[in-house]
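Novice: Provided herewith: run_7.txt, compact mmCIF, N, CA and C atoms.
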```txt
# COMPACT_ATOMS: atom_id res chain seq x y z
N MET A 1 0.85 -1.17 0.00
CA MET A 1 0.00 0.00 0.00
C MET A 1 0.90 1.23 0.00
N ASN A 2 0.53 2.21 -0.79
CA ASN A 2 1.38 3.39 -0.85
C ASN A 2 1.19 4.27 0.37
N GLN A 3 2.17 5.16 0.56
CA GLN A 3 2.22 5.98 1.76
C GLN A 3 1.07 6.99 1.83
N ALA A 4 0.65 7.52 0.68
CA ALA A 4 -0.44 8.51 0.68
C ALA A 4 -1.74 7.90 1.19
N LYS A 5 -2.03 6.66 0.80
CA LYS A 5 -3.26 6.00 1.27
C LYS A 5 -3.20 5.75 2.77
N GLN A 6 -2.03 5.36 3.27
CA GLN A 6 -1.91 5.07 4.70
C GLN A 6 -2.03 6.32 5.56
N THR A 7 -1.57 7.46 5.08
CA THR A 7 -1.69 8.67 5.88
C THR A 7 -3.12 9.18 5.92
N LYS A 8 -3.92 8.86 4.92
CA LYS A 8 -5.32 9.26 4.90
C LYS A 8 -6.23 8.27 5.61
N LEU A 9 -5.70 7.15 6.03
CA LEU A 9 -6.49 6.09 6.65
C LEU A 9 -7.32 6.57 7.86
N PRO A 10 -6.76 7.29 8.83
CA PRO A 10 -7.59 7.73 9.97
C PRO A 10 -8.76 8.63 9.56
N SER A 11 -8.55 9.53 8.61
CA SER A 11 -9.66 10.40 8.19
C SER A 11 -10.72 9.62 7.43
N HIS A 12 -10.30 8.63 6.65
CA HIS A 12 -11.28 7.79 5.96
C HIS A 12 -12.11 6.97 6.95
N ILE A 13 -11.44 6.42 7.94
CA ILE A 13 -12.14 5.64 8.96
C ILE A 13 -13.13 6.53 9.72
N PHE A 14 -12.73 7.77 10.02
CA PHE A 14 -13.62 8.71 10.70
C PHE A 14 -14.87 8.98 9.85
N ARG A 15 -14.70 9.18 8.55
CA ARG A 15 -15.85 9.41 7.67
C ARG A 15 -16.75 8.17 7.60
N LEU A 16 -16.14 7.01 7.54
CA LEU A 16 -16.94 5.78 7.53
C LEU A 16 -17.70 5.62 8.84
N LYS A 17 -17.08 6.02 9.94
CA LYS A 17 -17.75 5.93 11.24
C LYS A 17 -18.98 6.85 11.27
N ILE A 18 -18.86 8.03 10.68
CA ILE A 18 -20.01 8.93 10.61
C ILE A 18 -21.12 8.31 9.76
N LEU A 19 -20.76 7.75 8.61
CA LEU A 19 -21.73 7.09 7.74
C LEU A 19 -22.43 5.95 8.46
N ILE A 20 -21.66 5.12 9.14
CA ILE A 20 -22.23 3.98 9.86
C ILE A 20 -23.12 4.46 11.01
N SER A 21 -22.72 5.52 11.68
CA SER A 21 -23.54 6.06 12.78
C SER A 21 -24.89 6.55 12.28
N ILE A 22 -24.87 7.30 11.19
CA ILE A 22 -26.12 7.79 10.60
C ILE A 22 -27.00 6.62 10.18
N TRP A 23 -26.41 5.64 9.52
CA TRP A 23 -27.18 4.49 9.07
C TRP A 23 -27.76 3.73 10.26
N THR A 24 -26.99 3.57 11.33
CA THR A 24 -27.48 2.86 12.51
C THR A 24 -28.65 3.59 13.15
N ILE A 25 -28.55 4.91 13.27
CA ILE A 25 -29.64 5.70 13.85
C ILE A 25 -30.91 5.57 13.01
N LEU A 26 -30.76 5.68 11.69
CA LEU A 26 -31.92 5.53 10.80
C LEU A 26 -32.53 4.14 10.92
N PHE A 27 -31.70 3.13 10.97
CA PHE A 27 -32.16 1.75 11.04
C PHE A 27 -32.90 1.48 12.35
N ILE A 28 -32.34 1.95 13.46
CA ILE A 28 -33.00 1.75 14.75
C ILE A 28 -34.32 2.50 14.79
N THR A 29 -34.34 3.71 14.25
CA THR A 29 -35.59 4.48 14.18
C THR A 29 -36.64 3.72 13.37
N TYR A 30 -36.22 3.16 12.25
CA TYR A 30 -37.13 2.38 11.41
C TYR A 30 -37.68 1.17 12.16
N LEU A 31 -36.81 0.48 12.89
CA LEU A 31 -37.27 -0.68 13.66
C LEU A 31 -38.24 -0.28 14.76
N VAL A 32 -37.98 0.84 15.41
CA VAL A 32 -38.91 1.32 16.45
C VAL A 32 -40.27 1.64 15.84
N ILE A 33 -40.28 2.28 14.67
CA ILE A 33 -41.54 2.58 14.00
C ILE A 33 -42.28 1.30 13.64
N ILE A 34 -41.56 0.31 13.15
CA ILE A 34 -42.20 -0.96 12.78
C ILE A 34 -42.90 -1.59 13.99
N TYR A 35 -42.21 -1.65 15.13
CA TYR A 35 -42.78 -2.33 16.27
C TYR A 35 -43.70 -1.47 17.13
N ALA A 36 -43.48 -0.15 17.14
CA ALA A 36 -44.28 0.71 18.01
C ALA A 36 -45.54 1.23 17.35
N ASN A 37 -45.46 1.49 16.05
CA ASN A 37 -46.59 2.10 15.37
C ASN A 37 -46.75 1.45 13.99
N THR A 38 -47.40 0.32 13.98
CA THR A 38 -47.54 -0.45 12.75
C THR A 38 -48.31 0.32 11.68
N GLU A 39 -49.30 1.09 12.09
CA GLU A 39 -50.08 1.87 11.12
C GLU A 39 -49.20 2.88 10.38
N LEU A 40 -48.34 3.56 11.14
CA LEU A 40 -47.43 4.53 10.51
C LEU A 40 -46.48 3.82 9.56
N TRP A 41 -45.97 2.66 9.97
CA TRP A 41 -45.06 1.91 9.12
C TRP A 41 -45.76 1.48 7.82
N LEU A 42 -46.97 0.99 7.92
CA LEU A 42 -47.72 0.58 6.73
C LEU A 42 -47.96 1.77 5.81
N LYS A 43 -48.27 2.93 6.40
CA LYS A 43 -48.48 4.13 5.60
C LYS A 43 -47.19 4.55 4.89
N LEU A 44 -46.09 4.59 5.62
CA LEU A 44 -44.80 4.94 5.02
C LEU A 44 -44.40 3.94 3.93
N ASN A 45 -44.69 2.69 4.20
CA ASN A 45 -44.33 1.66 3.24
C ASN A 45 -45.17 1.75 1.97
N SER A 46 -46.44 2.05 2.11
CA SER A 46 -47.29 2.14 0.92
C SER A 46 -47.06 3.43 0.14
N LEU A 47 -46.80 4.53 0.84
CA LEU A 47 -46.60 5.81 0.15
C LEU A 47 -45.20 5.96 -0.43
N TYR A 48 -44.17 5.57 0.34
CA TYR A 48 -42.79 5.85 -0.05
C TYR A 48 -41.93 4.62 -0.31
N ARG A 49 -42.54 3.44 -0.19
CA ARG A 49 -41.77 2.19 -0.37
C ARG A 49 -40.54 2.19 0.56
N SER A 50 -40.79 2.45 1.83
CA SER A 50 -39.71 2.57 2.80
C SER A 50 -38.90 1.28 2.93
N ASP A 51 -39.53 0.13 2.75
CA ASP A 51 -38.79 -1.12 2.83
C ASP A 51 -37.75 -1.21 1.72
N MET A 52 -38.13 -0.80 0.51
CA MET A 52 -37.17 -0.81 -0.61
C MET A 52 -36.07 0.22 -0.40
N LEU A 53 -36.44 1.38 0.10
CA LEU A 53 -35.46 2.44 0.36
C LEU A 53 -34.41 1.96 1.36
N PHE A 54 -34.85 1.35 2.46
CA PHE A 54 -33.90 0.87 3.46
C PHE A 54 -33.07 -0.30 2.93
N THR A 55 -33.64 -1.13 2.10
CA THR A 55 -32.87 -2.22 1.49
C THR A 55 -31.78 -1.67 0.59
N VAL A 56 -32.10 -0.70 -0.23
CA VAL A 56 -31.11 -0.10 -1.14
C VAL A 56 -30.01 0.60 -0.34
N ILE A 57 -30.39 1.34 0.70
CA ILE A 57 -29.39 2.01 1.52
C ILE A 57 -28.49 0.99 2.21
N ASN A 58 -29.08 -0.08 2.73
CA ASN A 58 -28.30 -1.11 3.40
C ASN A 58 -27.31 -1.77 2.45
N ILE A 59 -27.75 -2.10 1.27
CA ILE A 59 -26.86 -2.72 0.28
C ILE A 59 -25.76 -1.75 -0.11
N THR A 60 -26.10 -0.47 -0.29
CA THR A 60 -25.10 0.53 -0.67
C THR A 60 -24.04 0.70 0.41
N VAL A 61 -24.46 0.82 1.67
CA VAL A 61 -23.50 0.96 2.77
C VAL A 61 -22.63 -0.28 2.88
N THR A 62 -23.22 -1.44 2.73
CA THR A 62 -22.45 -2.69 2.80
C THR A 62 -21.42 -2.77 1.68
N ILE A 63 -21.79 -2.38 0.47
CA ILE A 63 -20.85 -2.39 -0.65
C ILE A 63 -19.71 -1.40 -0.42
N ILE A 64 -20.04 -0.21 0.10
CA ILE A 64 -19.00 0.79 0.39
C ILE A 64 -18.01 0.24 1.42
N ILE A 65 -18.51 -0.37 2.47
CA ILE A 65 -17.64 -0.91 3.52
C ILE A 65 -16.78 -2.05 2.98
N MET A 66 -17.38 -2.94 2.19
CA MET A 66 -16.59 -4.05 1.63
C MET A 66 -15.55 -3.55 0.63
N TRP A 67 -15.90 -2.56 -0.18
CA TRP A 67 -14.94 -1.98 -1.12
C TRP A 67 -13.76 -1.38 -0.35
N TYR A 68 -14.07 -0.64 0.72
CA TYR A 68 -13.00 -0.03 1.51
C TYR A 68 -12.14 -1.11 2.15
N ASN A 69 -12.74 -2.15 2.66
CA ASN A 69 -12.01 -3.26 3.26
C ASN A 69 -11.03 -3.87 2.26
N TRP A 70 -11.47 -4.08 1.04
CA TRP A 70 -10.63 -4.75 0.04
C TRP A 70 -9.64 -3.82 -0.64
N SER A 71 -9.95 -2.54 -0.77
CA SER A 71 -9.05 -1.68 -1.55
C SER A 71 -8.16 -0.76 -0.72
N HIS A 72 -8.50 -0.48 0.53
CA HIS A 72 -7.74 0.51 1.28
C HIS A 72 -7.05 0.00 2.56
N LEU A 73 -7.58 -1.02 3.18
CA LEU A 73 -6.99 -1.46 4.44
C LEU A 73 -5.75 -2.30 4.20
N PRO A 74 -4.65 -1.97 4.88
CA PRO A 74 -3.40 -2.72 4.72
C PRO A 74 -3.38 -3.96 5.62
N ILE A 75 -4.23 -4.92 5.32
CA ILE A 75 -4.30 -6.16 6.11
C ILE A 75 -4.14 -7.35 5.17
N GLU A 76 -3.91 -8.51 5.76
CA GLU A 76 -3.72 -9.74 4.98
C GLU A 76 -5.02 -10.15 4.29
N LYS A 77 -4.88 -10.91 3.21
CA LYS A 77 -6.05 -11.34 2.43
C LYS A 77 -7.00 -12.21 3.27
N GLU A 78 -6.45 -13.05 4.13
CA GLU A 78 -7.29 -13.90 4.97
C GLU A 78 -8.17 -13.07 5.89
N LYS A 79 -7.59 -12.00 6.44
CA LYS A 79 -8.36 -11.11 7.32
C LYS A 79 -9.44 -10.37 6.53
N LYS A 80 -9.13 -10.00 5.28
CA LYS A 80 -10.13 -9.34 4.44
C LYS A 80 -11.30 -10.28 4.15
N ILE A 81 -11.00 -11.54 3.90
CA ILE A 81 -12.05 -12.53 3.65
C ILE A 81 -12.90 -12.72 4.91
N GLU A 82 -12.24 -12.82 6.06
CA GLU A 82 -12.95 -12.96 7.33
C GLU A 82 -13.85 -11.74 7.59
N ASN A 83 -13.33 -10.55 7.33
CA ASN A 83 -14.12 -9.33 7.50
C ASN A 83 -15.33 -9.31 6.57
N THR A 84 -15.14 -9.76 5.34
CA THR A 84 -16.24 -9.78 4.37
C THR A 84 -17.37 -10.67 4.84
N TRP A 85 -17.05 -11.87 5.31
CA TRP A 85 -18.08 -12.78 5.82
C TRP A 85 -18.79 -12.19 7.02
N MET A 86 -18.01 -11.55 7.90
CA MET A 86 -18.60 -10.95 9.10
C MET A 86 -19.58 -9.84 8.71
N ILE A 87 -19.20 -8.99 7.76
CA ILE A 87 -20.06 -7.90 7.31
C ILE A 87 -21.32 -8.44 6.65
N LEU A 88 -21.18 -9.45 5.81
CA LEU A 88 -22.33 -9.99 5.09
C LEU A 88 -23.32 -10.69 6.01
N PHE A 89 -22.83 -11.47 6.97
CA PHE A 89 -23.74 -12.26 7.79
C PHE A 89 -24.27 -11.53 9.02
N LEU A 90 -23.54 -10.55 9.52
CA LEU A 90 -23.98 -9.86 10.73
C LEU A 90 -24.58 -8.48 10.47
N GLY A 91 -24.52 -8.00 9.26
CA GLY A 91 -25.14 -6.72 8.91
C GLY A 91 -24.53 -5.55 9.64
N ILE A 92 -25.38 -4.72 10.24
CA ILE A 92 -24.90 -3.52 10.94
C ILE A 92 -23.98 -3.89 12.11
N ILE A 93 -24.30 -4.94 12.81
CA ILE A 93 -23.44 -5.37 13.92
C ILE A 93 -22.07 -5.78 13.38
N GLY A 94 -22.05 -6.49 12.27
CA GLY A 94 -20.79 -6.88 11.65
C GLY A 94 -19.99 -5.68 11.17
N ILE A 95 -20.67 -4.66 10.68
CA ILE A 95 -19.97 -3.45 10.24
C ILE A 95 -19.34 -2.76 11.44
N TRP A 96 -20.05 -2.67 12.56
CA TRP A 96 -19.46 -2.06 13.75
C TRP A 96 -18.29 -2.89 14.29
N LEU A 97 -18.40 -4.22 14.21
CA LEU A 97 -17.29 -5.07 14.64
C LEU A 97 -16.09 -4.94 13.71
N TRP A 98 -16.34 -4.70 12.42
CA TRP A 98 -15.27 -4.55 11.44
C TRP A 98 -14.51 -3.25 11.64
N LEU A 99 -15.17 -2.21 12.07
CA LEU A 99 -14.58 -0.89 12.16
C LEU A 99 -13.32 -0.91 13.03
N PRO A 100 -12.17 -0.53 12.46
CA PRO A 100 -10.93 -0.55 13.23
C PRO A 100 -10.94 0.50 14.34
N ASN A 101 -10.40 0.13 15.51
CA ASN A 101 -10.29 1.10 16.60
C ASN A 101 -8.97 1.87 16.48
N LYS A 102 -8.72 2.80 17.40
CA LYS A 102 -7.53 3.66 17.30
C LYS A 102 -6.23 2.85 17.33
N LYS A 103 -6.19 1.82 18.16
CA LYS A 103 -4.98 1.00 18.25
C LYS A 103 -4.72 0.28 16.92
N GLU A 104 -5.76 -0.29 16.33
CA GLU A 104 -5.60 -0.98 15.04
C GLU A 104 -5.20 -0.01 13.93
N ILE A 105 -5.77 1.20 13.96
CA ILE A 105 -5.41 2.20 12.94
C ILE A 105 -3.95 2.60 13.09
N SER A 106 -3.50 2.80 14.31
CA SER A 106 -2.09 3.17 14.51
C SER A 106 -1.15 2.05 14.09
N GLU A 107 -1.55 0.78 14.30
CA GLU A 107 -0.73 -0.35 13.85
C GLU A 107 -0.67 -0.42 12.33
N MET A 108 -1.80 -0.08 11.67
CA MET A 108 -1.83 -0.10 10.22
C MET A 108 -0.99 1.01 9.59
N THR A 109 -0.85 2.11 10.30
CA THR A 109 -0.13 3.26 9.75
C THR A 109 1.25 3.45 10.38
N LYS A 110 1.70 2.52 11.22
CA LYS A 110 2.96 2.72 11.95
C LYS A 110 4.19 2.74 11.04
N ASP A 111 4.18 2.03 9.92
CA ASP A 111 5.36 2.05 9.06
C ASP A 111 5.45 3.35 8.26
N VAL A 112 4.43 4.20 8.30
CA VAL A 112 4.50 5.49 7.65
C VAL A 112 5.30 6.47 8.49
N HIS A 113 5.10 6.40 9.81
CA HIS A 113 5.75 7.38 10.72
C HIS A 113 7.13 6.94 11.07
```
Turn the structure described in the file into structure tokens.
Specialist:
Amino acid sequence: MNQAKQTKLPSHIFRLKILISIWTILFITYLVIIYANTELWLKLNSLYRSDMLFTVINITVTIIIMWYNWSHLPIEKEKKIENTWMILFLGIIGIWLWLPNKKEISEMTKDVH
């Protein structure tokens, strides 16, 4: 991995964390609406196709995370494969588990400094 990509790694991870946070809040809100107010959910679903909208957003976020995992993270191929399975099977929880913490980010970028 080139040096320019490694120096931008912490800022990219921060942006992904913001994206994942927004997606998680929207998803939890959607789940609360489904279970707390079924009439509202049915109305939103019939008027705006909210189920399709959330499916498309979920697939898009998952593809972005997997693309970043495969193209930008300086980790071994086996770990990338393991991360991909975790993201695919665990969904939002898998994405949060995949997200590197500060210690992992510093280990990934240590050969730059």
Novice: I need the residues of chain A that end up classed as alpha helix (DSSP H) by DSSP on the backbone, written out as a compact mmCIF listing (two decimals) with N, CA and C atoms, in the frame of the given file.
Specialist:
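Generated output (selection.txt):
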```txt
# COMPACT_ATOMS: atom_id res chain seq x y z
N GLN A 3 2.17 5.16 0.56
CA GLN A 3 2.22 5.98 1.76
C GLN A 3 1.07 6.99 1.83
N ALA A 4 0.65 7.52 0.68
CA ALA A 4 -0.44 8.51 0.68
C ALA A 4 -1.74 7.90 1.19
N LYS A 5 -2.03 6.66 0.80
CA LYS A 5 -3.26 6.00 1.27
C LYS A 5 -3.20 5.75 2.77
N GLN A 6 -2.03 5.36 3.27
CA GLN A 6 -1.91 5.07 4.70
C GLN A 6 -2.03 6.32 5.56
N THR A 7 -1.57 7.46 5.08
CA THR A 7 -1.69 8.67 5.88
C THR A 7 -3.12 9.18 5.92
N LYS A 8 -3.92 8.86 4.92
CA LYS A 8 -5.32 9.26 4.90
C LYS A 8 -6.23 8.27 5.61
N LEU A 9 -5.70 7.15 6.03
CA LEU A 9 -6.49 6.09 6.65
C LEU A 9 -7.32 6.57 7.86
N PRO A 10 -6.76 7.29 8.83
CA PRO A 10 -7.59 7.73 9.97
C PRO A 10 -8.76 8.63 9.56
N SER A 11 -8.55 9.53 8.61
CA SER A 11 -9.66 10.40 8.19
C SER A 11 -10.72 9.62 7.43
N HIS A 12 -10.30 8.63 6.65
CA HIS A 12 -11.28 7.79 5.96
C HIS A 12 -12.11 6.97 6.95
N ILE A 13 -11.44 6.42 7.94
CA ILE A 13 -12.14 5.64 8.96
C ILE A 13 -13.13 6.53 9.72
N PHE A 14 -12.73 7.77 10.02
CA PHE A 14 -13.62 8.71 10.70
C PHE A 14 -14.87 8.98 9.85
N ARG A 15 -14.70 9.18 8.55
CA ARG A 15 -15.85 9.41 7.67
C ARG A 15 -16.75 8.17 7.60
N LEU A 16 -16.14 7.01 7.54
CA LEU A 16 -16.94 5.78 7.53
C LEU A 16 -17.70 5.62 8.84
N LYS A 17 -17.08 6.02 9.94
CA LYS A 17 -17.75 5.93 11.24
C LYS A 17 -18.98 6.85 11.27
N ILE A 18 -18.86 8.03 10.68
CA ILE A 18 -20.01 8.93 10.61
C ILE A 18 -21.12 8.31 9.76
N LEU A 19 -20.76 7.75 8.61
CA LEU A 19 -21.73 7.09 7.74
C LEU A 19 -22.43 5.95 8.46
N ILE A 20 -21.66 5.12 9.14
CA ILE A 20 -22.23 3.98 9.86
C ILE A 20 -23.12 4.46 11.01
N SER A 21 -22.72 5.52 11.68
CA SER A 21 -23.54 6.06 12.78
C SER A 21 -24.89 6.55 12.28
N ILE A 22 -24.87 7.30 11.19
CA ILE A 22 -26.12 7.79 10.60
C ILE A 22 -27.00 6.62 10.18
N TRP A 23 -26.41 5.64 9.52
CA TRP A 23 -27.18 4.49 9.07
C TRP A 23 -27.76 3.73 10.26
N THR A 24 -26.99 3.57 11.33
CA THR A 24 -27.48 2.86 12.51
C THR A 24 -28.65 3.59 13.15
N ILE A 25 -28.55 4.91 13.27
CA ILE A 25 -29.64 5.70 13.85
C ILE A 25 -30.91 5.57 13.01
N LEU A 26 -30.76 5.68 11.69
CA LEU A 26 -31.92 5.53 10.80
C LEU A 26 -32.53 4.14 10.92
N PHE A 27 -31.70 3.13 10.97
CA PHE A 27 -32.16 1.75 11.04
C PHE A 27 -32.90 1.48 12.35
N ILE A 28 -32.34 1.95 13.46
CA ILE A 28 -33.00 1.75 14.75
C ILE A 28 -34.32 2.50 14.79
N THR A 29 -34.34 3.71 14.25
CA THR A 29 -35.59 4.48 14.18
C THR A 29 -36.64 3.72 13.37
N TYR A 30 -36.22 3.16 12.25
CA TYR A 30 -37.13 2.38 11.41
C TYR A 30 -37.68 1.17 12.16
N LEU A 31 -36.81 0.48 12.89
CA LEU A 31 -37.27 -0.68 13.66
C LEU A 31 -38.24 -0.28 14.76
N VAL A 32 -37.98 0.84 15.41
CA VAL A 32 -38.91 1.32 16.45
C VAL A 32 -40.27 1.64 15.84
N ILE A 33 -40.28 2.28 14.67
CA ILE A 33 -41.54 2.58 14.00
C ILE A 33 -42.28 1.30 13.64
N ILE A 34 -41.56 0.31 13.15
CA ILE A 34 -42.20 -0.96 12.78
C ILE A 34 -42.90 -1.59 13.99
N TYR A 35 -42.21 -1.65 15.13
CA TYR A 35 -42.78 -2.33 16.27
C TYR A 35 -43.70 -1.47 17.13
N ALA A 36 -43.48 -0.15 17.14
CA ALA A 36 -44.28 0.71 18.01
C ALA A 36 -45.54 1.23 17.35
N THR A 38 -47.40 0.32 13.98
CA THR A 38 -47.54 -0.45 12.75
C THR A 38 -48.31 0.32 11.68
N GLU A 39 -49.30 1.09 12.09
CA GLU A 39 -50.08 1.87 11.12
C GLU A 39 -49.20 2.88 10.38
N LEU A 40 -48.34 3.56 11.14
CA LEU A 40 -47.43 4.53 10.51
C LEU A 40 -46.48 3.82 9.56
N TRP A 41 -45.97 2.66 9.97
CA TRP A 41 -45.06 1.91 9.12
C TRP A 41 -45.76 1.48 7.82
N LEU A 42 -46.97 0.99 7.92
CA LEU A 42 -47.72 0.58 6.73
C LEU A 42 -47.96 1.77 5.81
N LYS A 43 -48.27 2.93 6.40
CA LYS A 43 -48.48 4.13 5.60
C LYS A 43 -47.19 4.55 4.89
N LEU A 44 -46.09 4.59 5.62
CA LEU A 44 -44.80 4.94 5.02
C LEU A 44 -44.40 3.94 3.93
N ASN A 45 -44.69 2.69 4.20
CA ASN A 45 -44.33 1.66 3.24
C ASN A 45 -45.17 1.75 1.97
N SER A 46 -46.44 2.05 2.11
CA SER A 46 -47.29 2.14 0.92
C SER A 46 -47.06 3.43 0.14
N LEU A 47 -46.80 4.53 0.84
CA LEU A 47 -46.60 5.81 0.15
C LEU A 47 -45.20 5.96 -0.43
N TYR A 48 -44.17 5.57 0.34
CA TYR A 48 -42.79 5.85 -0.05
C TYR A 48 -41.93 4.62 -0.31
N SER A 50 -40.79 2.45 1.83
CA SER A 50 -39.71 2.57 2.80
C SER A 50 -38.90 1.28 2.93
N ASP A 51 -39.53 0.13 2.75
CA ASP A 51 -38.79 -1.12 2.83
C ASP A 51 -37.75 -1.21 1.72
N MET A 52 -38.13 -0.80 0.51
CA MET A 52 -37.17 -0.81 -0.61
C MET A 52 -36.07 0.22 -0.40
N LEU A 53 -36.44 1.38 0.10
CA LEU A 53 -35.46 2.44 0.36
C LEU A 53 -34.41 1.96 1.36
N PHE A 54 -34.85 1.35 2.46
CA PHE A 54 -33.90 0.87 3.46
C PHE A 54 -33.07 -0.30 2.93
N THR A 55 -33.64 -1.13 2.10
CA THR A 55 -32.87 -2.22 1.49
C THR A 55 -31.78 -1.67 0.59
N VAL A 56 -32.10 -0.70 -0.23
CA VAL A 56 -31.11 -0.10 -1.14
C VAL A 56 -30.01 0.60 -0.34
N ILE A 57 -30.39 1.34 0.70
CA ILE A 57 -29.39 2.01 1.52
C ILE A 57 -28.49 0.99 2.21
N ASN A 58 -29.08 -0.08 2.73
CA ASN A 58 -28.30 -1.11 3.40
C ASN A 58 -27.31 -1.77 2.45
N ILE A 59 -27.75 -2.10 1.27
CA ILE A 59 -26.86 -2.72 0.28
C ILE A 59 -25.76 -1.75 -0.11
N THR A 60 -26.10 -0.47 -0.29
CA THR A 60 -25.10 0.53 -0.67
C THR A 60 -24.04 0.70 0.41
N VAL A 61 -24.46 0.82 1.67
CA VAL A 61 -23.50 0.96 2.77
C VAL A 61 -22.63 -0.28 2.88
N THR A 62 -23.22 -1.44 2.73
CA THR A 62 -22.45 -2.69 2.80
C THR A 62 -21.42 -2.77 1.68
N ILE A 63 -21.79 -2.38 0.47
CA ILE A 63 -20.85 -2.39 -0.65
C ILE A 63 -19.71 -1.40 -0.42
N ILE A 64 -20.04 -0.21 0.10
CA ILE A 64 -19.00 0.79 0.39
C ILE A 64 -18.01 0.24 1.42
N ILE A 65 -18.51 -0.37 2.47
CA ILE A 65 -17.64 -0.91 3.52
C ILE A 65 -16.78 -2.05 2.98
N MET A 66 -17.38 -2.94 2.19
CA MET A 66 -16.59 -4.05 1.63
C MET A 66 -15.55 -3.55 0.63
N TRP A 67 -15.90 -2.56 -0.18
CA TRP A 67 -14.94 -1.98 -1.12
C TRP A 67 -13.76 -1.38 -0.35
N TYR A 68 -14.07 -0.64 0.72
CA TYR A 68 -13.00 -0.03 1.51
C TYR A 68 -12.14 -1.11 2.15
N ASN A 69 -12.74 -2.15 2.66
CA ASN A 69 -12.01 -3.26 3.26
C ASN A 69 -11.03 -3.87 2.26
N TRP A 70 -11.47 -4.08 1.04
CA TRP A 70 -10.63 -4.75 0.04
C TRP A 70 -9.64 -3.82 -0.64
N SER A 71 -9.95 -2.54 -0.77
CA SER A 71 -9.05 -1.68 -1.55
C SER A 71 -8.16 -0.76 -0.72
N LYS A 77 -4.88 -10.91 3.21
CA LYS A 77 -6.05 -11.34 2.43
C LYS A 77 -7.00 -12.21 3.27
N GLU A 78 -6.45 -13.05 4.13
CA GLU A 78 -7.29 -13.90 4.97
C GLU A 78 -8.17 -13.07 5.89
N LYS A 79 -7.59 -12.00 6.44
CA LYS A 79 -8.36 -11.11 7.32
C LYS A 79 -9.44 -10.37 6.53
N LYS A 80 -9.13 -10.00 5.28
CA LYS A 80 -10.13 -9.34 4.44
C LYS A 80 -11.30 -10.28 4.15
N ILE A 81 -11.00 -11.54 3.90
CA ILE A 81 -12.05 -12.53 3.65
C ILE A 81 -12.90 -12.72 4.91
N GLU A 82 -12.24 -12.82 6.06
CA GLU A 82 -12.95 -12.96 7.33
C GLU A 82 -13.85 -11.74 7.59
N ASN A 83 -13.33 -10.55 7.33
CA ASN A 83 -14.12 -9.33 7.50
C ASN A 83 -15.33 -9.31 6.57
N THR A 84 -15.14 -9.76 5.34
CA THR A 84 -16.24 -9.78 4.37
C THR A 84 -17.37 -10.67 4.84
N TRP A 85 -17.05 -11.87 5.31
CA TRP A 85 -18.08 -12.78 5.82
C TRP A 85 -18.79 -12.19 7.02
N MET A 86 -18.01 -11.55 7.90
CA MET A 86 -18.60 -10.95 9.10
C MET A 86 -19.58 -9.84 8.71
N ILE A 87 -19.20 -8.99 7.76
CA ILE A 87 -20.06 -7.90 7.31
C ILE A 87 -21.32 -8.44 6.65
N LEU A 88 -21.18 -9.45 5.81
CA LEU A 88 -22.33 -9.99 5.09
C LEU A 88 -23.32 -10.69 6.01
N PHE A 89 -22.83 -11.47 6.97
CA PHE A 89 -23.74 -12.26 7.79
C PHE A 89 -24.27 -11.53 9.02
N LEU A 90 -23.54 -10.55 9.52
CA LEU A 90 -23.98 -9.86 10.73
C LEU A 90 -24.58 -8.48 10.47
N ILE A 92 -25.38 -4.72 10.24
CA ILE A 92 -24.90 -3.52 10.94
C ILE A 92 -23.98 -3.89 12.11
N ILE A 93 -24.30 -4.94 12.81
CA ILE A 93 -23.44 -5.37 13.92
C ILE A 93 -22.07 -5.78 13.38
N GLY A 94 -22.05 -6.49 12.27
CA GLY A 94 -20.79 -6.88 11.65
C GLY A 94 -19.99 -5.68 11.17
N ILE A 95 -20.67 -4.66 10.68
CA ILE A 95 -19.97 -3.45 10.24
C ILE A 95 -19.34 -2.76 11.44
N TRP A 96 -20.05 -2.67 12.56
CA TRP A 96 -19.46 -2.06 13.75
C TRP A 96 -18.29 -2.89 14.29
N LEU A 97 -18.40 -4.22 14.21
CA LEU A 97 -17.29 -5.07 14.64
C LEU A 97 -16.09 -4.94 13.71
N TRP A 98 -16.34 -4.70 12.42
CA TRP A 98 -15.27 -4.55 11.44
C TRP A 98 -14.51 -3.25 11.64
N LYS A 102 -8.72 2.80 17.40
CA LYS A 102 -7.53 3.66 17.30
C LYS A 102 -6.23 2.85 17.33
N LYS A 103 -6.19 1.82 18.16
CA LYS A 103 -4.98 1.00 18.25
C LYS A 103 -4.72 0.28 16.92
N GLU A 104 -5.76 -0.29 16.33
CA GLU A 104 -5.60 -0.98 15.04
C GLU A 104 -5.20 -0.01 13.93
N ILE A 105 -5.77 1.20 13.96
CA ILE A 105 -5.41 2.20 12.94
C ILE A 105 -3.95 2.60 13.09
N SER A 106 -3.50 2.80 14.31
CA SER A 106 -2.09 3.17 14.51
C SER A 106 -1.15 2.05 14.09
N GLU A 107 -1.55 0.78 14.30
CA GLU A 107 -0.73 -0.35 13.85
C GLU A 107 -0.67 -0.42 12.33
N MET A 108 -1.80 -0.08 11.67
CA MET A 108 -1.83 -0.10 10.22
C MET A 108 -0.99 1.01 9.59
N THR A 109 -0.85 2.11 10.30
CA THR A 109 -0.13 3.26 9.75
C THR A 109 1.25 3.45 10.38
```
Novice: Excluding Thr62 (chain A) and its own-chain neighbours fewer than 3 positions away, which residues fall within 8 Å of it when counting only N, CA and C atoms? Please give them as a PyMOL selection string.
Specialist: chain A and resi 56-59+65-68+87-88+91+95
Novice: Determine, counting only C-alpha atoms, which protein, DNA and RNA residues have an atom within 8 Å of an atom of region 25-41 of chain A; residues of the same chain fewer than 4 positions away are not included. Present the result as a ChimeraX atom specification.
Specialist: /A:21,45,54
Novice: Export N, CA and C atoms of the chosen residues as a compact mmCIF listing (two decimals), in the coordinates of the input?
Specialist:
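So the final result, stored in again.txt, reads:
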```txt
# COMPACT_ATOMS: atom_id res chain seq x y z
N SER A 21 -22.72 5.52 11.68
CA SER A 21 -23.54 6.06 12.78
C SER A 21 -24.89 6.55 12.28
N ASN A 45 -44.69 2.69 4.20
CA ASN A 45 -44.33 1.66 3.24
C ASN A 45 -45.17 1.75 1.97
N PHE A 54 -34.85 1.35 2.46
CA PHE A 54 -33.90 0.87 3.46
C PHE A 54 -33.07 -0.30 2.93
```
